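Listing of coords.txt; format and content: compact mmCIF, C-alpha atoms and all ligand atoms.
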# COMPACT_ATOMS: atom_id res chain seq x y z
CA MET A 1 8.59 -17.34 -10.94
CA SER A 2 10.01 -18.52 -14.25
CA THR A 3 10.09 -15.15 -16.04
CA SER A 4 11.08 -11.62 -15.12
CA VAL A 5 8.41 -8.98 -14.75
CA LEU A 6 8.94 -5.22 -14.78
CA VAL A 7 6.83 -3.70 -12.03
CA ILE A 8 5.96 -0.04 -12.47
CA ASN A 9 4.35 2.36 -10.02
CA CYS A 10 3.78 5.76 -11.68
CA GLY A 11 3.17 8.83 -9.57
CA SER A 12 2.56 12.35 -10.87
CA SER A 13 6.29 13.18 -11.07
CA SER A 14 7.94 9.86 -10.25
CA ILE A 15 8.14 6.24 -11.34
CA LYS A 16 9.10 3.45 -8.94
CA TYR A 17 10.34 0.42 -10.83
CA ALA A 18 11.55 -3.10 -10.08
CA LEU A 19 12.63 -5.91 -12.35
CA VAL A 20 11.48 -8.95 -10.42
CA SER A 21 12.91 -12.34 -11.27
CA GLU A 22 13.06 -15.68 -9.53
CA ARG A 23 15.69 -14.84 -6.93
CA ARG A 24 14.98 -11.86 -4.70
CA GLU A 25 18.70 -11.04 -4.48
CA ASP A 26 18.77 -10.48 -8.28
CA ARG A 27 16.14 -7.75 -8.11
CA ILE A 28 16.93 -4.49 -9.89
CA TYR A 29 14.96 -1.53 -8.58
CA GLY A 30 14.85 2.20 -8.23
CA LEU A 31 13.05 5.45 -8.67
CA ALA A 32 12.84 8.03 -11.45
CA GLU A 33 11.99 11.29 -9.71
CA ASN A 34 11.38 15.02 -10.31
CA LEU A 35 10.10 14.17 -13.80
CA GLY A 36 9.46 17.20 -16.00
CA SER A 37 12.00 19.32 -14.11
CA ALA A 38 15.69 20.17 -14.65
CA ASP A 39 16.48 17.96 -11.69
CA ALA A 40 14.88 14.80 -13.17
CA ARG A 41 16.98 11.73 -12.35
CA ILE A 42 17.00 7.99 -11.88
CA LYS A 43 18.33 6.53 -8.64
CA GLY A 44 18.48 2.84 -8.02
CA ILE A 45 20.24 -0.44 -7.60
CA THR A 46 21.49 -2.44 -10.57
CA VAL A 47 22.70 -6.00 -10.88
CA GLY A 48 24.77 -7.23 -7.95
CA GLY A 49 23.56 -4.39 -5.74
CA ALA A 50 25.62 -1.65 -7.46
CA PRO A 51 24.13 1.85 -7.10
CA LEU A 52 22.84 3.71 -10.17
CA GLU A 53 22.41 7.48 -10.44
CA LEU A 54 21.57 9.09 -13.73
CA SER A 55 20.55 12.66 -14.54
CA ILE A 56 17.76 12.95 -17.14
CA PRO A 57 16.99 16.71 -17.28
CA TYR A 58 13.37 17.53 -18.22
CA ALA A 59 12.57 13.87 -18.98
CA ASP A 60 8.86 13.05 -18.90
CA HIS A 61 7.40 9.63 -17.98
CA GLU A 62 7.94 8.22 -21.46
CA LYS A 63 11.54 9.44 -21.73
CA ALA A 64 12.32 8.10 -18.24
CA LEU A 65 10.82 4.69 -19.09
CA GLU A 66 12.72 4.62 -22.38
CA THR A 67 16.00 5.39 -20.54
CA LEU A 68 15.23 2.79 -17.89
CA LEU A 69 14.44 0.07 -20.35
CA GLY A 70 17.59 0.96 -22.30
CA ARG A 71 19.55 0.28 -19.10
CA LEU A 72 17.69 -2.99 -18.62
CA ALA A 73 18.14 -4.09 -22.26
CA ASN A 74 20.01 -7.25 -21.27
CA TYR A 75 17.24 -8.27 -18.91
CA LYS A 76 14.26 -7.86 -21.18
CA PRO A 77 11.12 -8.50 -19.15
CA GLN A 78 8.45 -10.88 -20.36
CA ALA A 79 5.62 -8.74 -19.01
CA ILE A 80 4.91 -5.43 -17.29
CA GLY A 81 2.85 -5.17 -14.11
CA HIS A 82 1.42 -1.74 -13.24
CA ARG A 83 0.43 -0.88 -9.72
CA VAL A 84 -2.91 0.92 -9.99
CA VAL A 85 -4.33 2.45 -6.82
CA HIS A 86 -8.02 2.43 -7.70
CA GLY A 87 -9.67 -0.29 -9.73
CA GLY A 88 -13.25 0.57 -8.76
CA THR A 89 -15.00 -2.75 -8.16
CA SER A 90 -12.42 -4.90 -10.00
CA THR A 91 -11.89 -8.05 -7.99
CA LYS A 92 -8.57 -9.15 -9.50
CA ALA A 93 -5.60 -8.10 -11.61
CA GLU A 94 -6.47 -7.61 -15.29
CA LEU A 95 -4.67 -7.78 -18.62
CA LEU A 96 -4.55 -4.22 -19.94
CA THR A 97 -7.06 -3.93 -22.77
CA PRO A 98 -8.82 -0.76 -24.01
CA GLU A 99 -11.80 -1.75 -21.79
CA ILE A 100 -9.68 -2.09 -18.64
CA ILE A 101 -7.86 1.19 -19.38
CA GLU A 102 -11.28 2.82 -19.67
CA LYS A 103 -12.26 1.31 -16.31
CA ILE A 104 -9.14 2.84 -14.71
CA ARG A 105 -10.09 6.18 -16.28
CA GLU A 106 -13.64 5.87 -14.91
CA ALA A 107 -12.25 5.32 -11.40
CA THR A 108 -10.28 8.61 -11.61
CA PRO A 109 -12.77 10.66 -9.53
CA LEU A 110 -12.16 8.15 -6.72
CA ALA A 111 -8.34 8.52 -6.88
CA PRO A 112 -7.71 11.90 -8.54
CA LEU A 113 -4.05 12.05 -7.47
CA HIS A 114 -3.10 8.50 -8.44
CA ASN A 115 -5.06 7.09 -11.40
CA PRO A 116 -4.19 9.87 -13.91
CA ALA A 117 -0.47 9.29 -13.20
CA HIS A 118 -0.90 5.53 -13.67
CA LEU A 119 -2.61 6.19 -17.02
CA VAL A 120 0.33 8.31 -18.18
CA GLY A 121 2.68 5.41 -17.37
CA ILE A 122 0.42 2.86 -19.03
CA ASP A 123 0.17 5.01 -22.14
CA ALA A 124 3.97 5.34 -22.31
CA THR A 125 4.73 1.63 -21.83
CA MET A 126 2.02 0.67 -24.35
CA ARG A 127 3.70 2.86 -26.96
CA LEU A 128 7.23 1.76 -26.06
CA PHE A 129 6.56 -1.98 -25.71
CA PRO A 130 3.48 -2.86 -27.74
CA GLU A 131 4.62 -6.48 -27.93
CA LEU A 132 4.75 -7.04 -24.14
CA PRO A 133 1.69 -8.21 -22.20
CA GLN A 134 0.79 -5.62 -19.56
CA VAL A 135 -1.29 -6.10 -16.45
CA ALA A 136 -2.94 -3.74 -13.97
CA VAL A 137 -2.75 -4.86 -10.33
CA PHE A 138 -5.20 -2.87 -8.22
CA ASP A 139 -4.65 -1.80 -4.59
CA THR A 140 -8.38 -2.04 -4.07
CA ALA A 141 -8.99 -5.53 -5.52
CA PHE A 142 -8.05 -7.55 -2.41
CA HIS A 143 -10.75 -5.75 -0.41
CA GLN A 144 -13.58 -6.56 -2.83
CA THR A 145 -14.42 -9.56 -0.61
CA MET A 146 -15.61 -7.22 2.17
CA PRO A 147 -19.28 -7.78 3.04
CA ALA A 148 -21.74 -4.95 2.42
CA HIS A 149 -22.04 -4.20 6.15
CA ALA A 150 -18.30 -3.40 6.12
CA TYR A 151 -18.10 -1.45 2.86
CA ARG A 152 -21.32 0.62 3.00
CA TYR A 153 -21.39 4.04 4.64
CA ALA A 154 -24.48 5.06 6.58
CA LEU A 155 -25.41 7.57 3.86
CA PRO A 156 -28.41 7.88 1.49
CA LYS A 157 -28.54 4.76 -0.69
CA PHE A 158 -28.44 6.59 -4.05
CA LEU A 159 -24.93 7.84 -3.28
CA TYR A 160 -23.84 4.20 -3.39
CA THR A 161 -26.04 2.95 -6.23
CA GLU A 162 -25.64 5.95 -8.53
CA HIS A 163 -22.27 7.42 -7.51
CA ASN A 164 -20.25 4.44 -6.15
CA VAL A 165 -19.78 6.08 -2.76
CA ARG A 166 -18.65 3.16 -0.57
CA ARG A 167 -15.55 1.92 1.23
CA TYR A 168 -12.93 0.38 -1.11
CA GLY A 169 -9.77 0.00 0.97
CA PHE A 170 -6.17 0.28 -0.25
CA HIS A 171 -2.69 -1.28 0.27
CA GLY A 172 -4.35 -4.50 -0.94
CA THR A 173 -1.19 -6.04 -2.41
CA SER A 174 0.64 -5.53 0.88
CA HIS A 175 -2.15 -6.88 3.11
CA ALA A 176 -2.56 -9.85 0.74
CA TYR A 177 1.17 -10.66 0.62
CA VAL A 178 1.78 -10.22 4.35
CA SER A 179 -1.25 -12.23 5.47
CA GLU A 180 -0.43 -15.03 3.04
CA ARG A 181 3.26 -15.16 3.98
CA GLY A 182 2.56 -14.72 7.70
CA SER A 183 -0.15 -17.35 7.93
CA GLU A 184 2.12 -19.72 6.01
CA LEU A 185 4.90 -19.15 8.57
CA ALA A 186 2.38 -19.57 11.37
CA GLY A 187 1.48 -22.96 9.92
CA SER A 188 -2.13 -22.12 9.13
CA PHE A 189 -1.76 -21.30 5.43
CA LYS A 190 -4.48 -18.78 4.57
CA GLN A 191 -6.70 -20.17 7.33
CA GLY A 192 -8.11 -18.44 10.39
CA GLY A 193 -8.45 -14.82 11.41
CA TRP A 194 -5.58 -12.36 11.14
CA LEU A 195 -5.05 -8.62 11.52
CA THR A 196 -2.44 -6.73 9.50
CA ALA A 197 -0.96 -3.32 10.26
CA HIS A 198 0.77 -1.77 7.22
CA LEU A 199 2.60 1.23 8.69
CA GLY A 200 4.52 3.40 6.21
CA ASN A 201 4.01 6.97 5.02
CA GLY A 202 0.49 5.81 4.25
CA SER A 203 -0.84 3.37 6.85
CA SER A 204 -3.80 1.03 7.08
CA THR A 205 -5.08 -1.99 8.97
CA CYS A 206 -6.96 -5.00 7.65
CA ALA A 207 -8.91 -8.00 8.96
CA ILE A 208 -8.45 -11.19 6.97
CA TRP A 209 -10.51 -14.35 7.36
CA ASN A 210 -9.38 -17.51 5.56
CA GLY A 211 -7.22 -15.46 3.19
CA GLU A 212 -9.89 -12.88 2.28
CA SER A 213 -10.15 -9.25 3.36
CA VAL A 214 -13.28 -8.79 5.47
CA ASP A 215 -12.67 -5.20 6.59
CA THR A 216 -10.00 -2.52 6.40
CA SER A 217 -9.37 0.95 7.80
CA MET A 218 -9.18 2.97 4.55
CA GLY A 219 -12.41 3.84 2.76
CA LEU A 220 -13.61 5.69 -0.31
CA THR A 221 -10.15 7.25 -0.48
CA PRO A 222 -6.85 6.53 1.31
CA LEU A 223 -7.60 9.29 3.83
CA GLU A 224 -9.89 7.32 6.15
CA GLY A 225 -8.55 5.30 9.06
CA ILE A 226 -5.46 5.49 11.23
CA VAL A 227 -2.95 8.35 11.61
CA MET A 228 -0.44 8.60 8.73
CA GLY A 229 2.65 10.66 7.84
CA THR A 230 0.73 13.68 6.54
CA ARG A 231 -2.86 12.33 6.39
CA SER A 232 -5.24 12.86 9.30
CA GLY A 233 -7.05 9.52 9.17
CA ASP A 234 -10.51 9.61 10.79
CA VAL A 235 -11.88 13.00 11.78
CA ASP A 236 -15.40 14.19 12.42
CA PRO A 237 -16.79 14.79 8.89
CA SER A 238 -18.31 18.03 10.17
CA ILE A 239 -14.81 19.49 10.21
CA HIS A 240 -15.46 20.63 6.62
CA SER A 241 -18.45 22.80 7.53
CA PHE A 242 -16.76 23.94 10.74
CA LEU A 243 -13.67 25.20 8.89
CA ALA A 244 -15.73 26.67 6.04
CA SER A 245 -18.06 28.57 8.41
CA ASN A 246 -15.47 29.68 10.94
CA LEU A 247 -12.27 30.17 8.94
CA GLY A 248 -13.74 30.69 5.45
CA TRP A 249 -11.70 27.82 4.02
CA ASP A 250 -12.77 26.33 0.68
CA ILE A 251 -12.96 22.61 -0.06
CA PHE A 252 -9.52 22.51 -1.74
CA LYS A 253 -7.78 24.08 1.25
CA ILE A 254 -9.50 21.67 3.63
CA ASP A 255 -8.65 18.69 1.44
CA LYS A 256 -5.00 19.76 1.24
CA MET A 257 -4.82 20.25 5.00
CA LEU A 258 -6.27 16.79 5.70
CA ASN A 259 -4.06 15.00 3.14
CA LYS A 260 -0.77 16.91 3.26
CA GLU A 261 -0.52 18.90 6.47
CA SER A 262 -2.00 16.60 9.09
CA GLY A 263 -1.09 13.21 10.59
CA LEU A 264 2.31 12.99 12.30
CA LEU A 265 3.38 16.21 10.56
CA GLY A 266 0.41 18.19 11.85
CA LEU A 267 0.48 16.75 15.36
CA SER A 268 4.22 17.47 15.68
CA ASP A 269 3.61 21.11 14.69
CA ASN A 270 5.37 20.65 11.32
CA LEU A 271 8.43 19.00 12.84
CA SER A 272 8.29 15.91 10.61
CA ASN A 273 6.16 13.25 8.96
CA ASP A 274 9.02 10.79 9.48
CA MET A 275 8.67 8.46 12.44
CA ARG A 276 12.44 8.18 12.96
CA THR A 277 12.79 11.96 13.38
CA LEU A 278 9.85 12.03 15.80
CA ILE A 279 11.24 9.23 17.96
CA GLU A 280 14.58 11.06 18.18
CA ALA A 281 12.87 14.36 18.99
CA SER A 282 10.71 12.70 21.62
CA GLU A 283 13.81 11.19 23.27
CA GLN A 284 15.17 14.73 23.49
CA GLY A 285 12.02 15.91 25.25
CA ASN A 286 9.94 17.36 22.39
CA GLU A 287 6.37 17.18 23.70
CA ASP A 288 4.65 17.55 20.31
CA ALA A 289 6.66 14.62 18.96
CA THR A 290 5.82 12.55 22.04
CA LEU A 291 2.12 13.26 21.63
CA ALA A 292 2.21 12.51 17.86
CA ILE A 293 3.69 9.06 18.61
CA GLU A 294 1.16 8.40 21.34
CA VAL A 295 -1.80 9.34 19.13
CA PHE A 296 -0.38 7.17 16.33
CA CYS A 297 -0.06 4.08 18.57
CA TYR A 298 -3.35 4.58 20.41
CA ARG A 299 -5.37 5.09 17.22
CA LEU A 300 -3.64 2.11 15.62
CA ALA A 301 -4.51 -0.14 18.58
CA LYS A 302 -8.08 1.18 18.54
CA SER A 303 -8.40 0.36 14.83
CA LEU A 304 -7.04 -3.18 15.35
CA ALA A 305 -9.43 -3.76 18.25
CA ALA A 306 -12.35 -2.53 16.13
CA LEU A 307 -11.37 -4.72 13.17
CA SER A 308 -11.32 -7.80 15.42
CA CYS A 309 -15.15 -7.59 15.24
CA ALA A 310 -14.88 -8.67 11.59
CA LEU A 311 -13.22 -11.97 12.56
CA PRO A 312 -14.99 -15.04 13.96
CA ARG A 313 -11.69 -15.91 15.66
CA LEU A 314 -8.47 -13.96 16.22
CA ASP A 315 -5.31 -15.96 15.50
CA GLY A 316 -2.84 -13.13 15.37
CA LEU A 317 -1.41 -9.88 14.09
CA PHE A 318 1.20 -9.03 11.45
CA PHE A 319 3.20 -5.79 11.50
CA THR A 320 4.66 -4.50 8.21
CA GLY A 321 5.73 -1.34 6.30
CA GLY A 322 8.67 0.96 7.14
CA ILE A 323 7.46 1.64 10.70
CA GLY A 324 5.94 -1.80 11.36
CA GLU A 325 9.08 -3.61 10.18
CA ASN A 326 11.65 -1.37 11.86
CA SER A 327 10.32 0.15 15.02
CA ALA A 328 10.27 -2.17 18.03
CA TYR A 329 9.35 0.93 20.05
CA ILE A 330 6.13 1.61 18.09
CA ARG A 331 5.18 -2.10 18.15
CA GLU A 332 5.67 -2.22 21.92
CA LYS A 333 3.70 0.98 22.54
CA THR A 334 0.85 -0.23 20.31
CA MET A 335 0.65 -3.64 22.00
CA ALA A 336 0.52 -1.90 25.40
CA TYR A 337 -2.90 -0.55 24.35
CA LEU A 338 -4.11 -4.07 23.41
CA PRO A 339 -4.10 -6.16 26.58
CA HIS A 340 -7.65 -7.44 26.15
CA PHE A 341 -7.25 -10.18 23.56
CA GLY A 342 -4.59 -12.22 25.34
CA PHE A 343 -1.79 -10.69 23.24
CA LYS A 344 1.56 -11.03 25.04
CA LEU A 345 4.57 -9.37 23.43
CA ASN A 346 8.03 -10.93 23.84
CA ILE A 347 9.94 -7.70 24.43
CA GLU A 348 13.38 -9.22 23.87
CA GLN A 349 12.41 -10.86 20.60
CA ASN A 350 10.60 -7.69 19.51
CA ASN A 351 13.80 -5.69 19.99
CA THR A 352 15.81 -7.97 17.70
CA LEU A 353 13.69 -7.54 14.56
CA LYS A 354 14.82 -4.94 11.99
CA ARG A 355 14.06 -4.32 8.29
CA GLY A 356 14.11 -7.38 6.15
CA THR A 357 13.81 -9.78 9.06
CA GLU A 358 10.67 -11.77 9.57
CA GLY A 359 9.93 -13.32 12.89
CA ARG A 360 7.51 -14.06 15.70
CA ILE A 361 7.43 -11.68 18.66
CA ASP A 362 4.81 -13.03 21.09
CA GLN A 363 5.37 -15.15 24.21
CA GLY A 364 3.74 -18.27 22.77
CA THR A 365 0.37 -17.91 24.49
CA GLY A 366 -2.68 -16.06 23.11
CA PRO A 367 -2.88 -14.68 19.57
CA GLN A 368 0.43 -14.71 17.68
CA ILE A 369 2.32 -11.51 16.81
CA TRP A 370 4.69 -11.40 13.83
CA VAL A 371 6.82 -8.95 11.88
CA ILE A 372 6.53 -9.71 8.15
CA PRO A 373 8.44 -7.43 5.72
CA THR A 374 6.11 -6.59 2.87
CA ASP A 375 6.92 -7.29 -0.78
CA GLU A 376 4.45 -5.38 -2.92
CA GLU A 377 6.66 -5.59 -6.03
CA GLY A 378 7.01 -9.37 -5.66
CA ARG A 379 3.26 -9.75 -5.24
CA ILE A 380 2.50 -7.52 -8.27
CA ALA A 381 4.98 -9.55 -10.36
CA LYS A 382 3.39 -12.83 -9.24
CA GLU A 383 -0.13 -11.66 -10.05
CA THR A 384 1.07 -10.28 -13.40
CA GLU A 385 2.60 -13.59 -14.30
CA GLN A 386 -0.56 -15.47 -13.31
CA VAL A 387 -2.75 -13.20 -15.45
CA VAL A 388 -0.42 -13.58 -18.46
CA GLU A 389 -0.28 -17.38 -18.07
CA HIS A 390 -4.05 -17.55 -17.81
CA ALA A 391 -4.48 -15.37 -20.91
CA LYS A 392 -2.04 -17.56 -22.86
CA LYS A 393 -3.92 -20.71 -21.85
CA SER A 394 -7.30 -19.23 -22.83
CA GLU A 395 -5.82 -18.13 -26.16
CA SER A 396 -4.42 -21.57 -26.97
CA MET A 397 -7.74 -23.18 -25.99
CA VAL A 398 -9.61 -20.84 -28.32
CA SER A 399 -7.26 -21.57 -31.21
CA PHE A 400 -7.49 -25.31 -30.52
CA THR A 401 -11.30 -25.47 -30.54
P1 LIG B 501 6.09 4.21 1.99
O1 LIG B 501 4.71 4.18 2.56
O2 LIG B 501 6.42 5.52 1.32
O3 LIG B 501 6.47 2.98 1.19
P2 LIG B 501 7.80 3.10 4.07
O4 LIG B 501 7.02 1.83 4.16
O5 LIG B 501 9.20 3.04 3.60
O6 LIG B 501 7.05 4.23 3.26
O7 LIG B 501 7.78 3.75 5.55
C1 LIG B 501 8.30 5.01 5.79
C2 LIG B 501 8.20 5.25 7.30
O8 LIG B 501 8.97 4.26 7.99
C3 LIG B 501 8.77 6.62 7.72
O9 LIG B 501 7.89 7.22 8.66
C4 LIG B 501 10.07 6.23 8.42
O10 LIG B 501 10.40 7.13 9.42
C5 LIG B 501 9.67 4.90 9.03
N1 LIG B 501 10.86 4.15 9.48
C6 LIG B 501 11.83 3.61 8.72
N2 LIG B 501 12.79 3.07 9.53
C7 LIG B 501 12.40 3.30 10.82
C8 LIG B 501 12.94 3.01 12.11
N3 LIG B 501 14.08 2.37 12.26
N4 LIG B 501 12.23 3.39 13.20
C9 LIG B 501 11.07 4.05 13.08
N5 LIG B 501 10.50 4.36 11.90
C10 LIG B 501 11.16 3.98 10.78

Go ahead and express the file in the form of structure tokens.
Amino acid sequence: MSTSVLVINCGSSSIKYALVSERREDRIYGLAENLGSADARIKGITVGGAPLELSIPYADHEKALETLLGRLANYKPQAIGHRVVHGGTSTKAELLTPEIIEKIREATPLAPLHNPAHLVGIDATMRLFPELPQVAVFDTAFHQTMPAHAYRYALPKFLYTEHNVRRYGFHGTSHAYVSERGSELAGSFKQGGWLTAHLGNGSSTCAIWNGESVDTSMGLTPLEGIVMGTRSGDVDPSIHSFLASNLGWDIFKIDKMLNKESGLLGLSDNLSNDMRTLIEASEQGNEDATLAIEVFCYRLAKSLAALSCALPRLDGLFFTGGIGENSAYIREKTMAYLPHFGFKLNIEQNNTLKRGTEGRIDQGTGPQIWVIPTDEEGRIAKETEQVVEHAKKSESMVSFT
């Protein structure tokens, strides 16, 4: 990458940021959190790896961005890349124009927690840096190559045609980066059939054929699929009517329970949504923690086995995300549920791989197994730069003709 790109991921009360330049070791990154409250602050890493901690009481998104950019004044970015969770049916990253901003707004009912926060961030950076090109990189875009038989629900057709009810998939930048990097390391650059398991606080799986997503575990929203930190993943959809009829719960209470009180947290009886805590508790004999881990690994293996149906051939599997990159224990437990495809884990090699280390962990026969640390910020920066370059070229062609 020849320029530096500021990557921004705006949540409702936080902003994750990274200034991505050519060398990964030069990356400046951090988090502005608790925005709008007395405890608002910026925590991060500045040049040379030095820690940064700054109190910004009652700062909103705009104030936090202004403070951040003030700190980065010597490293003025050439473009800004915004992570946007839902891009509707957008198939690629887009230069932010009034039309694209409107499209993000239109996709709000599909990502009510995420898209409004992204729009606040976009609005602030547009006002603060009107001269900088800005790009939206959508989590959903990578999955737009899914065939209809993978993205349609078995529901009345008008819900799809008139109300866009279909499967979209998320974590697209991570699945795209990891499958590209992994298949490159495996010597089959973007060719063949690969499965990815992105396992963080939010988790999803994906099937990729010749570099394109052909199916994924998340759906209309990031709730569908495998077990996550606080999200249930797949449940019988009748749970809504069951809870409404039997416990008198309304739709908001049910939604909150499924998104915020379930997953590892729910299974462990509110012990934790953090896999490290659960592994420790399980080692000390906590049965709820042990079961939560078992359900997580079993449902993950089941999802990977199901997604193999989307691939004409299975070349291998990539683990990524906080859990996938760090936990040899979870990788081993998951692979124990997948003996049917010829997968053979190299236990010793598996035990050596920790965060930031990429490497192969199979025995050399059957489908390959790799750990590939994800780099969503790097991927967003790369796509941003490509969009800006392309726009510049089109502009100069127009002025030339
Ligand atoms: P996010 O989805 O918020 O980006 P991460 O990808 O950082 O989250 O993943 C967070 C998860 O990774 C947490 O459940 C955390 O416990 C887990 N994790 C991090 N390190 C380890 C480890 N050494 N062993 C097991 N789990 C780990």

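Minimum atom-to-atom distances from A:Ile251, A:Ile330, A:Ile208, A:Val165 to Leu278 in chain A were compared using only C-alpha atoms, and the lowest value belongs to A:Ile330.
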
Which residues of chain A come within 10 Å of ligand LIG 501 (chain B), and for each one, what is the closest pair of atoms and their distance in Å to one decimal, counting only C-alpha atoms and all ligand atoms, sorted by chain and residue number, as JSON lines?
{"residue": "A:His171", "atom": "CA", "partner": "B:LIG501", "partner_atom": "O1", "distance": 9.5}
{"residue": "A:His198", "atom": "CA", "partner": "B:LIG501", "partner_atom": "O4", "distance": 7.8}
{"residue": "A:Leu199", "atom": "CA", "partner": "B:LIG501", "partner_atom": "O4", "distance": 6.4}
{"residue": "A:Gly200", "atom": "CA", "partner": "B:LIG501", "partner_atom": "O7", "distance": 3.3}
{"residue": "A:Asn201", "atom": "CA", "partner": "B:LIG501", "partner_atom": "O1", "distance": 3.8}
{"residue": "A:Gly202", "atom": "CA", "partner": "B:LIG501", "partner_atom": "O1", "distance": 4.8}
{"residue": "A:Ser203", "atom": "CA", "partner": "B:LIG501", "partner_atom": "O1", "distance": 7.1}
{"residue": "A:Met228", "atom": "CA", "partner": "B:LIG501", "partner_atom": "O9", "distance": 8.4}
{"residue": "A:Gly229", "atom": "CA", "partner": "B:LIG501", "partner_atom": "O9", "distance": 6.3}
{"residue": "A:Thr230", "atom": "CA", "partner": "B:LIG501", "partner_atom": "O9", "distance": 9.9}
{"residue": "A:Leu264", "atom": "CA", "partner": "B:LIG501", "partner_atom": "O9", "distance": 8.8}
{"residue": "A:Ser272", "atom": "CA", "partner": "B:LIG501", "partner_atom": "O9", "distance": 8.9}
{"residue": "A:Asn273", "atom": "CA", "partner": "B:LIG501", "partner_atom": "O9", "distance": 6.3}
{"residue": "A:Asp274", "atom": "CA", "partner": "B:LIG501", "partner_atom": "O9", "distance": 3.8}
{"residue": "A:Met275", "atom": "CA", "partner": "B:LIG501", "partner_atom": "O10", "distance": 3.7}
{"residue": "A:Arg276", "atom": "CA", "partner": "B:LIG501", "partner_atom": "O10", "distance": 4.2}
{"residue": "A:Thr277", "atom": "CA", "partner": "B:LIG501", "partner_atom": "O10", "distance": 6.7}
{"residue": "A:Leu278", "atom": "CA", "partner": "B:LIG501", "partner_atom": "O10", "distance": 8.1}
{"residue": "A:Ile279", "atom": "CA", "partner": "B:LIG501", "partner_atom": "C9", "distance": 7.1}
{"residue": "A:Glu280", "atom": "CA", "partner": "B:LIG501", "partner_atom": "C9", "distance": 9.4}
{"residue": "A:Thr320", "atom": "CA", "partner": "B:LIG501", "partner_atom": "O4", "distance": 7.9}
{"residue": "A:Gly321", "atom": "CA", "partner": "B:LIG501", "partner_atom": "O4", "distance": 4.0}
{"residue": "A:Gly322", "atom": "CA", "partner": "B:LIG501", "partner_atom": "O7", "distance": 3.3}
{"residue": "A:Ile323", "atom": "CA", "partner": "B:LIG501", "partner_atom": "O8", "distance": 4.1}
{"residue": "A:Gly324", "atom": "CA", "partner": "B:LIG501", "partner_atom": "O8", "distance": 7.6}
{"residue": "A:Glu325", "atom": "CA", "partner": "B:LIG501", "partner_atom": "N2", "distance": 7.7}
{"residue": "A:Asn326", "atom": "CA", "partner": "B:LIG501", "partner_atom": "N3", "distance": 4.5}
{"residue": "A:Ser327", "atom": "CA", "partner": "B:LIG501", "partner_atom": "N4", "distance": 4.2}
{"residue": "A:Ala328", "atom": "CA", "partner": "B:LIG501", "partner_atom": "N4", "distance": 7.6}
{"residue": "A:Tyr329", "atom": "CA", "partner": "B:LIG501", "partner_atom": "N4", "distance": 7.8}
{"residue": "A:Ile330", "atom": "CA", "partner": "B:LIG501", "partner_atom": "C9", "distance": 7.4}
{"residue": "A:Arg331", "atom": "CA", "partner": "B:LIG501", "partner_atom": "C9", "distance": 9.9}
{"residue": "A:Lys354", "atom": "CA", "partner": "B:LIG501", "partner_atom": "N3", "distance": 7.4}
{"residue": "A:Arg355", "atom": "CA", "partner": "B:LIG501", "partner_atom": "N2", "distance": 7.6}
{"residue": "A:Pro373", "atom": "CA", "partner": "B:LIG501", "partner_atom": "O4", "distance": 9.5}
{"residue": "A:Thr374", "atom": "CA", "partner": "B:LIG501", "partner_atom": "O4", "distance": 8.6}
{"residue": "A:Glu376", "atom": "CA", "partner": "B:LIG501", "partner_atom": "O3", "distance": 9.5}

May I have the residues within 8 Å of Val84 in chain A as a short mmCIF file (atom, residue, chain, number, x, y, z; two decimals) with C-alpha atoms, in the frame of the given file, using all atoms listed in the file and disregarding those fewer than 5 positions away in the same chain?
data_model
loop_
_atom_site.label_atom_id
_atom_site.label_comp_id
_atom_site.auth_asym_id
_atom_site.auth_seq_id
_atom_site.Cartn_x
_atom_site.Cartn_y
_atom_site.Cartn_z
CA ASN A 9 4.35 2.36 -10.02
CA HIS A 114 -3.10 8.50 -8.44
CA ASN A 115 -5.06 7.09 -11.40
CA HIS A 118 -0.90 5.53 -13.67
CA ALA A 136 -2.94 -3.74 -13.97
CA VAL A 137 -2.75 -4.86 -10.33
CA PHE A 138 -5.20 -2.87 -8.22
CA ASP A 139 -4.65 -1.80 -4.59
#

(Q) Given only C-alpha atoms as the basis, pick out the residue of A:Ala301, A:Ala148, A:Ile347, A:Ile80 nearest to Thr125 in chain A. (A)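 The answer is A:Ile80, which sits nearest to Thr125 in chain A.
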
(Q) Neighbouring residues of range 48-59 of chain A were defined as those with any atom within 7 Å, considering all atoms listed in the file; residues of the same chain fewer than 3 positions away were excluded. Please report them as an MDAnalysis selection string. (A) chainID A and resid 26 35:45 63:64

**Q.** Pick from A:His143, A:Lys253, A:Gly378, A:Val388, whichever lies nearest to Arg27 in chain A using only C-alpha atoms
**A.**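 Counting only C-alpha atoms, the residue closest to Arg27 in chain A is A:Gly378.
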
Q: For Leu65 in chain A, work out the shell of residues within 9 Å, counting all atoms listed in the file and skipping chain neighbours fewer than 6 positions away, then give it as a PyMOL selection string.
A: chain A and resi 15+32+121+124-125+128

Keeping only C-alpha atoms, write the selected residues as a PDB file, in the coordinates of the input.
ATOM      1  CA  ILE A  15       8.140   6.240 -11.340  1.00  0.00           C
ATOM      2  CA  ALA A  32      12.840   8.030 -11.450  1.00  0.00           C
ATOM      3  CA  GLY A 121       2.680   5.410 -17.370  1.00  0.00           C
ATOM      4  CA  ALA A 124       3.970   5.340 -22.310  1.00  0.00           C
ATOM      5  CA  THR A 125       4.730   1.630 -21.830  1.00  0.00           C
ATOM      6  CA  LEU A 128       7.230   1.760 -26.060  1.00  0.00           C
TER       7      LEU A 128
END

Q. Restricting the calculation to only C-alpha atoms, which member of A:Ser12, A:Asn34, A:Thr216, A:Ser174 is positioned closest to Pro112 in chain A?
A. A:Ser12
